[in-house]
Amino acid sequence: MNEALVVEGLRVYYRTERGAVRAVDDVSFGLARGESLAIVGESGSGKSTLGLTLIRALPTNASIISGHVYIDGEDTLSLNLADFRRRYSWRVIAMVFQGAMNSLNPVLKVGEQIAEPLIYNGGASREEARRRAMEMIELVGLPREFYYRYPHELSGGMRQRIVIAMSLVMNPRILILDEPTSALDVTIQAQIINLVKDLIERFSLSVIFITHDVSLASDIADRIMVMYGGQVVELGSAERVLGEAPKHPYTEKLLASIPRLRGETIPEFIPGRPPDLASPPPGCRFHPRCPYVFDRCMREEPPLFKVGEGHVARCWLHGE
Amino acid sequence: MEEVIRLENVKKYYDVRSGLLGSKILKALDGVTLSIWKKETMAVVGESGCGKSTLGRVSLRLLDLTSGRILFKGQDISKMKEDELREKSFRKKMQIIFQDPYSSLNPFMRIGDIVAEPLEIHGYHREEIKETVYRALEDVKLVPPEEFVNRYPHELSGGQRQRVNIARALVLGPEYIVADEPVSMIDASSRAEILLLLKSIRDSREMGVLYITHDIATARYVAERIAVMYLGEIAETGLTPSVLKTPIHPYTIMLLNSVPEPDPANRRRRRLAIKGEPPSPLNPPSGCKFHTRCPVAIERCRTEKPALIEYMPRHFVACHRAEEIMRGTTSVA
Ligand SMILES: Nc1ncnc2c1ncn2[C@@H]1O[C@H](COP(=O)(O)OP(=O)(O)OP(=O)(O)O)[C@@H](O)[C@H]1O
Ligand SMILES: Nc1ncnc2c1ncn2[C@@H]1O[C@H](COP(=O)(O)OP(=O)(O)O)[C@@H](O)[C@H]1O
Ligand code: SF4
Ligand code: SF4
Ligand SMILES: [Mg+2]
Ligand SMILES: [Mg+2]
C-alpha cells in the first residue's frame with residue numbers, strides 16, 4: 001500500500017448557538033507517501049478544521065459526525081484519544097498550527113519548548129532532549145544558541161522556524177502545515193518556503209500544506225485540493241488544476257482573482273460571499289456566486305465527477 | 001494637474017528607552033520626499049517595519065514630524081496645531097482607511113450612524129447628513145443605501161465592512177486619502193473588487209491616494225507611481241510600469257523576484273530569497289542601509305550613502321551601482 005493517509009467520508013460539525021456549523025462536510029482524499037498535497041480555499045472553507053481532525057486536536061465543541069482517517073491502514077478515529085496521542089501524535093503525524101508562531105509560551109525558552117515532547121512523550125533524558133532540540137534549531141537555519149532565547153526576542157520569521165522545528169522533533173512521517181507563512185513578508189516567506197522544501201526532501205515527508213494563497217500552493221504541491229464551503233470542489237495534479245484549464249467554476253474564478261505581477265490580465269472578483277455553514281445554500285454550495293449556474297444546481301447537490309486522470313470536480317457541468 | 005500633498009525631506013525620529021542602554025534614536029522615517037497629484041495613487045511597498053504606516057500618518061499630521069515639510073495643496077501644514085488644522089478644514093480634506101475591517105467599526109452602531117458620525121462631529125445639518133451618507137454608500141456600492149443604513153457591522157462580510165470604512169472616509173469630501181493595507185484582511189476573491197472601487201472613486205472625486213501595501217502585485221492595478229521603502233528611506237520610486245518592468249535597485253529586483261505566481265513549475269525550483277532580515281532601525285547599517293543584504297555591495301556602499309537620482313524619466317534610484325545594473329554589466333539575480 002502506497003498511501004500514507006486516507007480520509008473517507010469525513011464530516012466534522014461545530015455546535016454553536018446558531019446550530020450545527022458544517023465545517024467539514026463529506027471530505028475524502030488520499031495522501032501518497034512522499035507526496036505534497038495543498039489544500040486551498042478562502043477563509044472559513046474548513047481547511048483548519050480538517051487538519052485538526054487528522055491529528056485529533058479539535059476544540060471541544062466539535063464533533064466528528066462520520067468518516068474514517070486511515071494512517072498506514074489503521075483507522076485512527078476508532079482509537080481512543082490517549083492511544084492516538086501515545087502512538088501517533090508528533091511521532092507519526094504532526095502539525096504546524098495556524099498562528100502557532102504567535103502563541104509560543106512567552107515565559108519558556110524556545111529550546112525548552114522544542115525539547116518538551118521528547119521528555120514527556122519520548123522518554124528522553126533532559127540532556128538528550130536538549131542536544132536534540134539544538135540539532136533541530138540548527139536544522140531550521142538558526143544558531144544553536146537560540147535554544148536559550150525567549151519568543152519575544154525573535155522575529156516572526158525566526159519564530160516560524162522554531163515552530164517548524166517543534167513539529168519535526170519526534171521524526172514524523174506526515175506533516176501538516178496550516179498557513180505557515182501568511183503573517184510574514186514575501187521576503188521571509190520565500191526563505192521559509194525554501195526551508196520547508198529542503199525538509200520535505202531530506203526527511204521524505206508526506207505533506208499537507210494548507211493555504212488560502214494559490215501561488216504559494218504551487219510552490220509545494222504535487223496535487224491541489226480546492227475546498228469551498230466545507231467540501232472538496234476540485235482535486236487533481238498541480239499541472240492539471242493550475243496549468244491547464246481548471247474544471248470547477250470556483251477554481252477558475254479564484255485563479256482569475258489573483259493579482260499578478262507579470263502578464264496583462266486584470267484581476268476579477270467573485271461577487272457575493274462564501275456560504276454560511278450553519279445554513280448552506282441548497283444544491284451546489286457555490287450556486288449563488290456561480291456565473292454558469294442553471295436550474296439543477298439550485299436543487300441537487302453535485303457529486304465529484306471524474307474530469308480527467310486522477311482529477312475530479314464537484315460540478316454539474318461535468319455530469320451526465 | 002494639481003499637487004495634493006507634498007513631503008519634503010521628512011524625518012520622524014523616536015526616542016526609545018531601551019533598558020540598560022538608556023535612550024536611543026529610532027529613525028522610522030529618514031528623509032522622505034514625495035508628492036501625489038489629484039487623481040493619482042502612489043503605492044508604498046516594503047517589508048514590515050520599514051516605515052510605511054509612519055509615512056502615512058505623518059503625511060496626515062496624525063503624527064508630528066521631527067523635521068522636513070509637508071505641504072497640502074501648497075500650504076505648509078508641518079507645524080500647524082490641531083485647532084488650526086481643524087479650523088482651516090485640513091482635517092476634513094485628509095482621511096485614512098485602516099487595515100482591519102473587523103475592529104474598526106463600532107459593533108453597537110448602525111451602518112448609517114457610523115458613516116454619519118464624522119458629519120455630526122463637524123456640525124452638519126440633518127438633511128445634509130442624510131444626503132451625503134447616501135451618496136457615499138452609493139459610491140462604495142452598498143446599494144440600495146436604505147437597505148444598509150439600518151444594519152449592524154456583524155451582518156456584513158469583511159469586504160462590505162471595508163466599504164463602510166471607505167464611505168466613512170468619503171463623507172467629509174477629502175482630497176487626500178491614505179489607505180493603509182486596506183485589503184490585506186479581506187478574502188482574496190473580494191480584494192480586486194475593493195481596490196478597483198477605490199480607484200474609480202478616486203477618479204470621480206478627484207482625490208490623491210497614498211496606498212500602503214505588502215502586496216506589490218496589487219499596486220500595479222491601482223497605482224500610477226510606486227515607492228519602494230527600506231529602513232525609513234525610499235530606495236526606488238517611479239512610474240509603476242517602469243519600476244516593475246525595469247527595476248534597478250537591488251532591493252527592488254530581489255523583492256519582485258520573491259513574489260510567487262501560481263505556476264506548477266514552482267515546486268521544482270527554489271524561490272529567490274533575500275538573505276537575512278531587515279536590520280533593526282535602532283542600529284541601521286552605515287552608508288547604504290541595504291549593504292548588509294545586498295548581493296552586489298562594494299566597499300563604497302559601506303561608507304557612502306547613495307543619493308536618490310533620476311536614471312530614467314521620472315524613475316529615481318538610490319544605489320551606487322545603478323548605472324552598471326541598467327547597462328547589464330552587473331547582475332543582481
Ligand atoms: N510609537 C512608536 N515608538 C517607537 N517606535 C515606533 C513607533 N511607531 C513605529 N515605530 C517604529 O518605526 C518603524 C516603522 O514602523 P511602521 O509601523 O511605520 O512600519 P510599517 O512599514 O508600516 O510596517 P508594517 O508593514 O508591519 O505595518 C518600526 O521600526 C517601528 O517599530
Ligand atoms: N471552535 C469553533 N467553533 C465554532 N465554529 C468554528 C470553530 N472553528 C471554526 N469554526 C467554523 O467552521 C468553519 C470552518 O472554519 P476553519 O476550519 O477554521 O476554516 P479555514 O481554516 O478554511 O479558514 C467556519 O465557518 C468557522 O467559522
Ligand atoms: S454545479 Fe452549477 S452552480 Fe455549482 S459550480 Fe457547477 S455550474 Fe456552478
Ligand atoms: S548602494 Fe551598494 S549596497 Fe546599496 S543597493 Fe546599491 S550596490 Fe547594493
Ligand atoms: Mg484556517
Ligand atoms: Mg504598517
# chains A, B, ... in the order shown; residues from 1 in each chain; ligands from 1

$ closest_atom_pairs --of "chain A" --to "ligand 1" --cutoff "12 Å" --atoms "only C-alpha atoms and all ligand atoms" --output "CSV"
residue,atom,partner,partner_atom_place_in_ligand_line,distance
A:Ser155,CA,ligand 1,26 (O),11.6
A:Gly156,CA,ligand 1,26 (O),10.8
A:Ala183,CA,ligand 1,26 (O),9.9
A:Leu184,CA,ligand 1,26 (O),9.3
A:Asp185,CA,ligand 1,25 (O),8.1
A:Val186,CA,ligand 1,25 (O),11.2

$ residues_around --residues "Tyr13 (chain A)" --least-positions-apart "5" --cutoff "6 Å" --atoms "only C-alpha atoms" --output "JSON, numbers by chain"
{"A": [20, 21, 22, 23, 62, 63]}

$ closest_atom_pairs --of "chain B" --to "chain A" --cutoff "8 Å" --atoms "only C-alpha atoms" --output "JSON lines"
{"residue": "B:Glu47", "atom": "CA", "partner": "A:Asp185", "partner_atom": "CA", "distance": 6.0}
{"residue": "B:Ser48", "atom": "CA", "partner": "A:Asp185", "partner_atom": "CA", "distance": 6.6}
{"residue": "B:Ser157", "atom": "CA", "partner": "A:Arg273", "partner_atom": "CA", "distance": 7.1}
{"residue": "B:Asp187", "atom": "CA", "partner": "A:Glu42", "partner_atom": "CA", "distance": 6.3}
{"residue": "B:Ala188", "atom": "CA", "partner": "A:Ser257", "partner_atom": "CA", "distance": 7.0}
{"residue": "B:Ser189", "atom": "CA", "partner": "A:Phe269", "partner_atom": "CA", "distance": 5.2}
{"residue": "B:Ser190", "atom": "CA", "partner": "A:Phe269", "partner_atom": "CA", "distance": 5.5}
{"residue": "B:Arg191", "atom": "CA", "partner": "A:Phe269", "partner_atom": "CA", "distance": 7.2}
{"residue": "B:Ala192", "atom": "CA", "partner": "A:Phe269", "partner_atom": "CA", "distance": 5.8}
{"residue": "B:Glu193", "atom": "CA", "partner": "A:Phe269", "partner_atom": "CA", "distance": 5.7}
{"residue": "B:His214", "atom": "CA", "partner": "A:Asp185", "partner_atom": "CA", "distance": 7.1}
{"residue": "B:Ile216", "atom": "CA", "partner": "A:Leu261", "partner_atom": "CA", "distance": 7.4}
{"residue": "B:Ala217", "atom": "CA", "partner": "A:Leu261", "partner_atom": "CA", "distance": 4.6}
{"residue": "B:Thr218", "atom": "CA", "partner": "A:Pro259", "partner_atom": "CA", "distance": 5.6}
{"residue": "B:Arg220", "atom": "CA", "partner": "A:Leu261", "partner_atom": "CA", "distance": 7.4}
{"residue": "B:Tyr221", "atom": "CA", "partner": "A:Ile266", "partner_atom": "CA", "distance": 7.3}
{"residue": "B:Leu244", "atom": "CA", "partner": "A:Leu261", "partner_atom": "CA", "distance": 7.9}
{"residue": "B:Leu255", "atom": "CA", "partner": "A:Thr187", "partner_atom": "CA", "distance": 6.5}
{"residue": "B:Ser258", "atom": "CA", "partner": "A:Thr187", "partner_atom": "CA", "distance": 6.0}
{"residue": "B:Val259", "atom": "CA", "partner": "A:Val186", "partner_atom": "CA", "distance": 6.2}
{"residue": "B:Pro260", "atom": "CA", "partner": "A:Ser215", "partner_atom": "CA", "distance": 5.6}
{"residue": "B:Glu261", "atom": "CA", "partner": "A:Ser215", "partner_atom": "CA", "distance": 4.8}
{"residue": "B:Pro262", "atom": "CA", "partner": "A:Ser215", "partner_atom": "CA", "distance": 3.8}
{"residue": "B:Asp263", "atom": "CA", "partner": "A:Ser218", "partner_atom": "CA", "distance": 5.7}
{"residue": "B:Pro264", "atom": "CA", "partner": "A:Ser218", "partner_atom": "CA", "distance": 5.1}
{"residue": "B:Ala265", "atom": "CA", "partner": "A:Ser218", "partner_atom": "CA", "distance": 7.6}
{"residue": "B:Asn266", "atom": "CA", "partner": "A:Asp219", "partner_atom": "CA", "distance": 4.8}
{"residue": "B:Arg267", "atom": "CA", "partner": "A:Asp219", "partner_atom": "CA", "distance": 4.5}
{"residue": "B:Arg270", "atom": "CA", "partner": "A:Asn194", "partner_atom": "CA", "distance": 5.9}
{"residue": "B:Arg271", "atom": "CA", "partner": "A:Ala190", "partner_atom": "CA", "distance": 5.8}
{"residue": "B:Leu272", "atom": "CA", "partner": "A:Ala190", "partner_atom": "CA", "distance": 7.1}
{"residue": "B:Ala273", "atom": "CA", "partner": "A:Ala190", "partner_atom": "CA", "distance": 5.5}
{"residue": "B:Ile274", "atom": "CA", "partner": "A:Thr187", "partner_atom": "CA", "distance": 6.2}
{"residue": "B:Lys275", "atom": "CA", "partner": "A:Gln191", "partner_atom": "CA", "distance": 7.9}
{"residue": "B:Glu277", "atom": "CA", "partner": "A:Ile188", "partner_atom": "CA", "distance": 7.4}

$ write_last_selection --atoms "N, CA and C atoms" --output "short mmCIF file (atom, residue, chain, number, x, y, z; two decimals), in the first residue's frame"
data_model
loop_
_atom_site.label_atom_id
_atom_site.label_comp_id
_atom_site.auth_asym_id
_atom_site.auth_seq_id
_atom_site.Cartn_x
_atom_site.Cartn_y
_atom_site.Cartn_z
N GLU B 47 9.16 45.88 3.31
CA GLU B 47 8.97 44.90 4.38
C GLU B 47 8.38 45.53 5.64
N SER B 48 7.86 44.67 6.50
CA SER B 48 7.30 45.11 7.76
C SER B 48 8.32 45.94 8.55
N SER B 157 -20.14 41.22 5.40
CA SER B 157 -18.89 40.49 5.17
C SER B 157 -17.71 41.44 5.35
N ASP B 187 -10.99 38.52 2.12
CA ASP B 187 -10.84 37.34 1.30
C ASP B 187 -10.30 37.68 -0.09
N ALA B 188 -9.42 36.80 -0.56
CA ALA B 188 -8.77 37.02 -1.85
C ALA B 188 -9.79 37.31 -2.95
N SER B 189 -10.94 36.62 -2.91
CA SER B 189 -11.88 36.78 -4.01
C SER B 189 -12.54 38.15 -4.03
N SER B 190 -12.46 38.94 -2.96
CA SER B 190 -13.07 40.28 -2.99
C SER B 190 -12.06 41.42 -3.03
N ARG B 191 -10.77 41.10 -2.96
CA ARG B 191 -9.78 42.18 -2.90
C ARG B 191 -9.81 43.07 -4.13
N ALA B 192 -9.83 42.43 -5.30
CA ALA B 192 -9.78 43.21 -6.54
C ALA B 192 -10.98 44.15 -6.60
N GLU B 193 -12.12 43.69 -6.12
CA GLU B 193 -13.34 44.50 -6.15
C GLU B 193 -13.14 45.80 -5.37
N HIS B 214 1.67 45.47 1.40
CA HIS B 214 2.69 44.43 1.38
C HIS B 214 2.69 43.73 0.04
N ILE B 216 2.85 43.72 -3.58
CA ILE B 216 3.26 44.55 -4.71
C ILE B 216 2.41 44.30 -5.93
N ALA B 217 1.93 43.06 -6.08
CA ALA B 217 1.16 42.74 -7.28
C ALA B 217 -0.10 43.59 -7.37
N THR B 218 -0.70 43.95 -6.23
CA THR B 218 -1.92 44.76 -6.30
C THR B 218 -1.60 46.19 -6.74
N ARG B 220 0.16 47.40 -9.07
CA ARG B 220 0.17 47.74 -10.49
C ARG B 220 -1.21 48.02 -11.05
N TYR B 221 -2.24 47.55 -10.38
CA TYR B 221 -3.59 47.79 -10.91
C TYR B 221 -4.19 49.10 -10.43
N LEU B 244 8.27 48.29 -12.22
CA LEU B 244 8.02 46.85 -12.23
C LEU B 244 8.69 46.15 -13.41
N LEU B 255 13.05 41.92 -4.25
CA LEU B 255 11.69 41.91 -3.70
C LEU B 255 10.72 41.39 -4.76
N SER B 258 10.89 37.68 -5.26
CA SER B 258 10.38 36.77 -4.23
C SER B 258 8.85 36.66 -4.26
N VAL B 259 8.18 37.40 -5.11
CA VAL B 259 6.72 37.29 -5.21
C VAL B 259 6.34 36.09 -6.07
N PRO B 260 5.57 35.14 -5.51
CA PRO B 260 5.24 33.95 -6.29
C PRO B 260 4.05 34.17 -7.24
N GLU B 261 4.01 33.39 -8.30
CA GLU B 261 2.85 33.34 -9.19
C GLU B 261 2.38 31.89 -9.19
N PRO B 262 1.09 31.65 -9.43
CA PRO B 262 0.63 30.26 -9.41
C PRO B 262 1.11 29.50 -10.63
N ASP B 263 2.19 28.76 -10.49
CA ASP B 263 2.76 28.03 -11.61
C ASP B 263 3.26 26.69 -11.09
N PRO B 264 2.73 25.58 -11.64
CA PRO B 264 3.12 24.27 -11.12
C PRO B 264 4.62 24.00 -11.24
N ALA B 265 5.30 24.74 -12.10
CA ALA B 265 6.75 24.53 -12.23
C ALA B 265 7.50 25.06 -11.01
N ASN B 266 6.84 25.88 -10.18
CA ASN B 266 7.49 26.44 -8.99
C ASN B 266 8.08 25.38 -8.09
N ARG B 267 7.40 24.22 -8.02
CA ARG B 267 7.84 23.28 -7.00
C ARG B 267 9.16 22.60 -7.35
N ARG B 270 13.84 26.54 -6.40
CA ARG B 270 13.84 27.28 -5.15
C ARG B 270 13.46 28.72 -5.43
N ARG B 271 12.81 29.34 -4.46
CA ARG B 271 12.49 30.75 -4.61
C ARG B 271 13.74 31.58 -4.42
N LEU B 272 13.89 32.62 -5.22
CA LEU B 272 14.98 33.56 -4.98
C LEU B 272 14.66 34.33 -3.71
N ALA B 273 15.53 34.28 -2.74
CA ALA B 273 15.22 34.92 -1.47
C ALA B 273 16.34 35.87 -1.08
N ILE B 274 15.94 37.01 -0.52
CA ILE B 274 16.93 37.93 0.03
C ILE B 274 17.43 37.30 1.31
N LYS B 275 18.75 37.31 1.53
CA LYS B 275 19.25 36.67 2.75
C LYS B 275 18.93 37.54 3.96
N GLU B 277 17.26 39.22 7.51
CA GLU B 277 16.08 40.03 7.76
C GLU B 277 16.51 41.49 7.81
#

$ select_by_dssp --residues "region 175-320 of chain B" --states "alpha helix (DSSP H)" --output "NGL selection string"
:B and (188-205 or 216-222 or 240-245 or 250-257 or 299-303)

$ atom_distance --atom1 "CA of Leu256 (chain B)" --atom2 "CA of Ala297 (chain B)"
18.7 Å

$ residues_near_ligand --ligand "ligand 4" --cutoff "8 Å" --atoms "only C-alpha atoms and all ligand atoms" --output "JSON, numbers by chain"
{"B": [249, 250, 251, 287, 288, 289, 290, 291, 292, 293, 294, 295, 296, 297, 298, 300, 301, 302, 305, 306, 318, 319, 320, 321, 322]}

$ residues_near_ligand --ligand "ligand 3" --cutoff "9 Å" --atoms "only C-alpha atoms and all ligand atoms" --output "ChimeraX atom specification"
/A:233,248-250,283-298,300-303,313-319

$ write_last_selection --atoms "N, CA, C and O atoms" --output "CSV table (one decimal), in the first residue's frame"
chain,number,residue,atom,x,y,z
A,233,VAL,N,-14.2,20.8,-3.8
A,233,VAL,CA,-14.8,21.0,-5.1
A,233,VAL,C,-14.0,20.6,-6.3
A,233,VAL,O,-14.5,20.4,-7.4
A,248,HIS,N,-13.5,23.3,-12.1
A,248,HIS,CA,-14.6,23.8,-11.3
A,248,HIS,C,-14.7,25.3,-11.4
A,248,HIS,O,-13.7,26.0,-11.4
A,249,PRO,N,-15.9,25.9,-11.6
A,249,PRO,CA,-16.1,27.3,-11.8
A,249,PRO,C,-15.4,28.1,-10.6
A,249,PRO,O,-14.9,29.2,-10.8
A,250,TYR,N,-15.5,27.6,-9.4
A,250,TYR,CA,-14.9,28.3,-8.3
A,250,TYR,C,-13.4,28.4,-8.4
A,250,TYR,O,-12.8,29.4,-8.3
A,283,GLY,N,-28.6,22.5,-2.9
A,283,GLY,CA,-27.9,22.2,-4.2
A,283,GLY,C,-26.4,22.4,-4.1
A,283,GLY,O,-25.8,22.2,-3.1
A,284,CYS,N,-25.9,23.0,-5.2
A,284,CYS,CA,-24.4,23.3,-5.2
A,284,CYS,C,-24.2,24.5,-4.3
A,284,CYS,O,-24.8,25.5,-4.4
A,285,ARG,N,-23.2,24.4,-3.4
A,285,ARG,CA,-22.9,25.4,-2.4
A,285,ARG,C,-22.4,26.7,-3.1
A,285,ARG,O,-22.4,27.8,-2.5
A,286,PHE,N,-21.9,26.6,-4.3
A,286,PHE,CA,-21.3,27.7,-5.0
A,286,PHE,C,-22.4,28.4,-5.9
A,286,PHE,O,-22.1,29.5,-6.4
A,287,HIS,N,-23.6,27.9,-5.9
A,287,HIS,CA,-24.5,28.4,-6.9
A,287,HIS,C,-24.9,29.8,-6.8
A,287,HIS,O,-25.0,30.5,-7.8
A,288,PRO,N,-25.0,30.4,-5.6
A,288,PRO,CA,-25.3,31.8,-5.5
A,288,PRO,C,-24.3,32.8,-6.2
A,288,PRO,O,-24.5,33.9,-6.5
A,289,ARG,N,-23.0,32.2,-6.3
A,289,ARG,CA,-22.0,33.1,-6.9
A,289,ARG,C,-21.5,32.6,-8.3
A,289,ARG,O,-20.6,33.2,-8.8
A,290,CYS,N,-22.1,31.5,-8.8
A,290,CYS,CA,-21.5,30.9,-10.0
A,290,CYS,C,-22.1,31.6,-11.2
A,290,CYS,O,-23.3,31.7,-11.4
A,291,PRO,N,-21.2,31.9,-12.2
A,291,PRO,CA,-21.6,32.5,-13.4
A,291,PRO,C,-22.3,31.5,-14.4
A,291,PRO,O,-23.0,31.9,-15.3
A,292,TYR,N,-22.1,30.2,-14.1
A,292,TYR,CA,-22.6,29.2,-15.0
A,292,TYR,C,-23.9,28.5,-14.5
A,292,TYR,O,-24.3,27.5,-15.0
A,293,VAL,N,-24.4,29.0,-13.4
A,293,VAL,CA,-25.5,28.3,-12.7
A,293,VAL,C,-26.7,28.0,-13.6
A,293,VAL,O,-27.0,28.8,-14.5
A,294,PHE,N,-27.3,26.8,-13.5
A,294,PHE,CA,-28.5,26.5,-14.2
A,294,PHE,C,-29.4,25.8,-13.2
A,294,PHE,O,-29.0,25.6,-12.0
A,295,ASP,N,-30.7,25.5,-13.5
A,295,ASP,CA,-31.7,25.1,-12.5
A,295,ASP,C,-31.3,23.9,-11.7
A,295,ASP,O,-31.5,23.9,-10.5
A,296,ARG,N,-30.7,22.9,-12.3
A,296,ARG,CA,-30.3,21.7,-11.5
A,296,ARG,C,-29.4,22.1,-10.3
A,296,ARG,O,-29.5,21.5,-9.2
A,297,CYS,N,-28.5,23.1,-10.5
A,297,CYS,CA,-27.6,23.4,-9.5
A,297,CYS,C,-28.3,23.9,-8.2
A,297,CYS,O,-27.7,23.8,-7.1
A,298,MET,N,-29.4,24.5,-8.3
A,298,MET,CA,-30.1,25.0,-7.2
A,298,MET,C,-30.9,24.0,-6.4
A,298,MET,O,-31.2,24.2,-5.2
A,300,GLU,N,-30.2,20.2,-6.7
A,300,GLU,CA,-29.4,19.0,-6.3
A,300,GLU,C,-28.0,19.3,-6.1
A,300,GLU,O,-27.3,20.0,-6.8
A,301,GLU,N,-27.4,18.6,-5.0
A,301,GLU,CA,-26.0,18.8,-4.8
A,301,GLU,C,-25.2,17.9,-5.7
A,301,GLU,O,-25.4,16.7,-5.8
A,302,PRO,N,-24.3,18.5,-6.4
A,302,PRO,CA,-23.5,17.7,-7.4
A,302,PRO,C,-22.5,16.8,-6.6
A,302,PRO,O,-21.9,17.2,-5.6
A,303,PRO,N,-22.2,15.6,-7.1
A,303,PRO,CA,-21.2,14.8,-6.5
A,303,PRO,C,-19.8,15.1,-7.2
A,303,PRO,O,-19.8,16.0,-8.1
A,313,ALA,N,-14.1,17.0,-10.1
A,313,ALA,CA,-14.6,18.3,-9.8
A,313,ALA,C,-16.1,18.1,-9.4
A,313,ALA,O,-16.8,17.3,-10.0
A,314,ARG,N,-16.5,18.9,-8.4
A,314,ARG,CA,-17.9,18.8,-7.9
A,314,ARG,C,-18.8,19.8,-8.7
A,314,ARG,O,-19.1,20.9,-8.2
A,315,CYS,N,-19.2,19.5,-9.9
A,315,CYS,CA,-20.0,20.5,-10.7
A,315,CYS,C,-20.8,19.7,-11.7
A,315,CYS,O,-20.3,18.9,-12.4
A,316,TRP,N,-22.1,20.2,-11.8
A,316,TRP,CA,-23.0,19.5,-12.8
A,316,TRP,C,-22.6,19.7,-14.2
A,316,TRP,O,-23.0,19.0,-15.1
A,317,LEU,N,-21.7,20.7,-14.5
A,317,LEU,CA,-21.3,20.9,-15.9
A,317,LEU,C,-20.6,19.6,-16.4
A,317,LEU,O,-20.5,19.4,-17.6
A,318,HIS,N,-20.0,18.8,-15.4
A,318,HIS,CA,-19.3,17.7,-15.8
A,318,HIS,C,-20.1,16.4,-15.6
A,318,HIS,O,-19.6,15.3,-15.8
A,319,GLY,N,-21.4,16.5,-15.3
A,319,GLY,CA,-22.3,15.4,-15.1
A,319,GLY,C,-22.9,14.9,-16.3
A,319,GLY,O,-22.7,15.5,-17.4

$ residues_near_ligand --ligand "ligand 2" --cutoff "6 Å" --atoms "only C-alpha atoms and all ligand atoms" --output "list of chain:residue names"
A:Tyr14, A:Thr16, A:Ala23, A:Ser43, A:Gly44, A:Ser45, A:Gly46, A:Lys47, A:Ser48, A:Thr49, A:Pro59, A:Leu277

$ closest_residue --among "B:Met94, B:Met1, B:Val317, B:Val178" --to "Val243 (chain B)" --atoms "only C-alpha atoms"
B:Val317

$ select_by_dssp --residues "region 63-284 of chain B" --states "strand (DSSP E)" --output "PyMOL selection string"
chain B and resi 67-72+75-76+94-97+176-180+208-213+225-230+233-239

$ residues_around --residues "Asn105 (chain A)" --least-positions-apart "4" --cutoff "9 Å" --atoms "only C-alpha atoms" --output "list in words"
Lys109, Val110, Gln113, Tyr150 and Pro151 of chain A

$ residues_near_ligand --ligand "ligand 6" --cutoff "9 Å" --atoms "only C-alpha atoms and all ligand atoms" --output "NGL selection string"
:B and (48-54 or 56 or 99 or 180-181 or 212-214)

$ atom_distance --atom1 "CA of Ala245 (chain A)" --atom2 "CA of Met227 (chain A)"
17.4 Å

$ residues_around --residues "Phe148 (chain B)" --least-positions-apart "5" --cutoff "10 Å" --atoms "only C-alpha atoms" --output "PDB file with C-alpha atoms, in the first residue's frame"
ATOM      1  CA  ARG B 110     -25.856  51.026  12.721  1.00  0.00           C
ATOM      2  CA  ILE B 111     -24.036  51.451   9.400  1.00  0.00           C
ATOM      3  CA  GLY B 112     -25.873  54.709   8.695  1.00  0.00           C
ATOM      4  CA  TYR B 134     -26.500  58.023   0.935  1.00  0.00           C
ATOM      5  CA  LEU B 137     -22.881  54.450   0.342  1.00  0.00           C
ATOM      6  CA  LEU B 142     -23.607  49.406  -0.786  1.00  0.00           C
ATOM      7  CA  VAL B 143     -26.872  49.737  -2.677  1.00  0.00           C
ATOM      8  CA  PRO B 153     -21.433  45.569  11.245  1.00  0.00           C
ATOM      9  CA  GLU B 155     -24.352  41.463   9.439  1.00  0.00           C
ATOM     10  CA  LEU B 156     -21.775  42.374   6.779  1.00  0.00           C
ATOM     11  CA  VAL B 164     -18.317  51.107   5.101  1.00  0.00           C
TER      12      VAL B 164
END
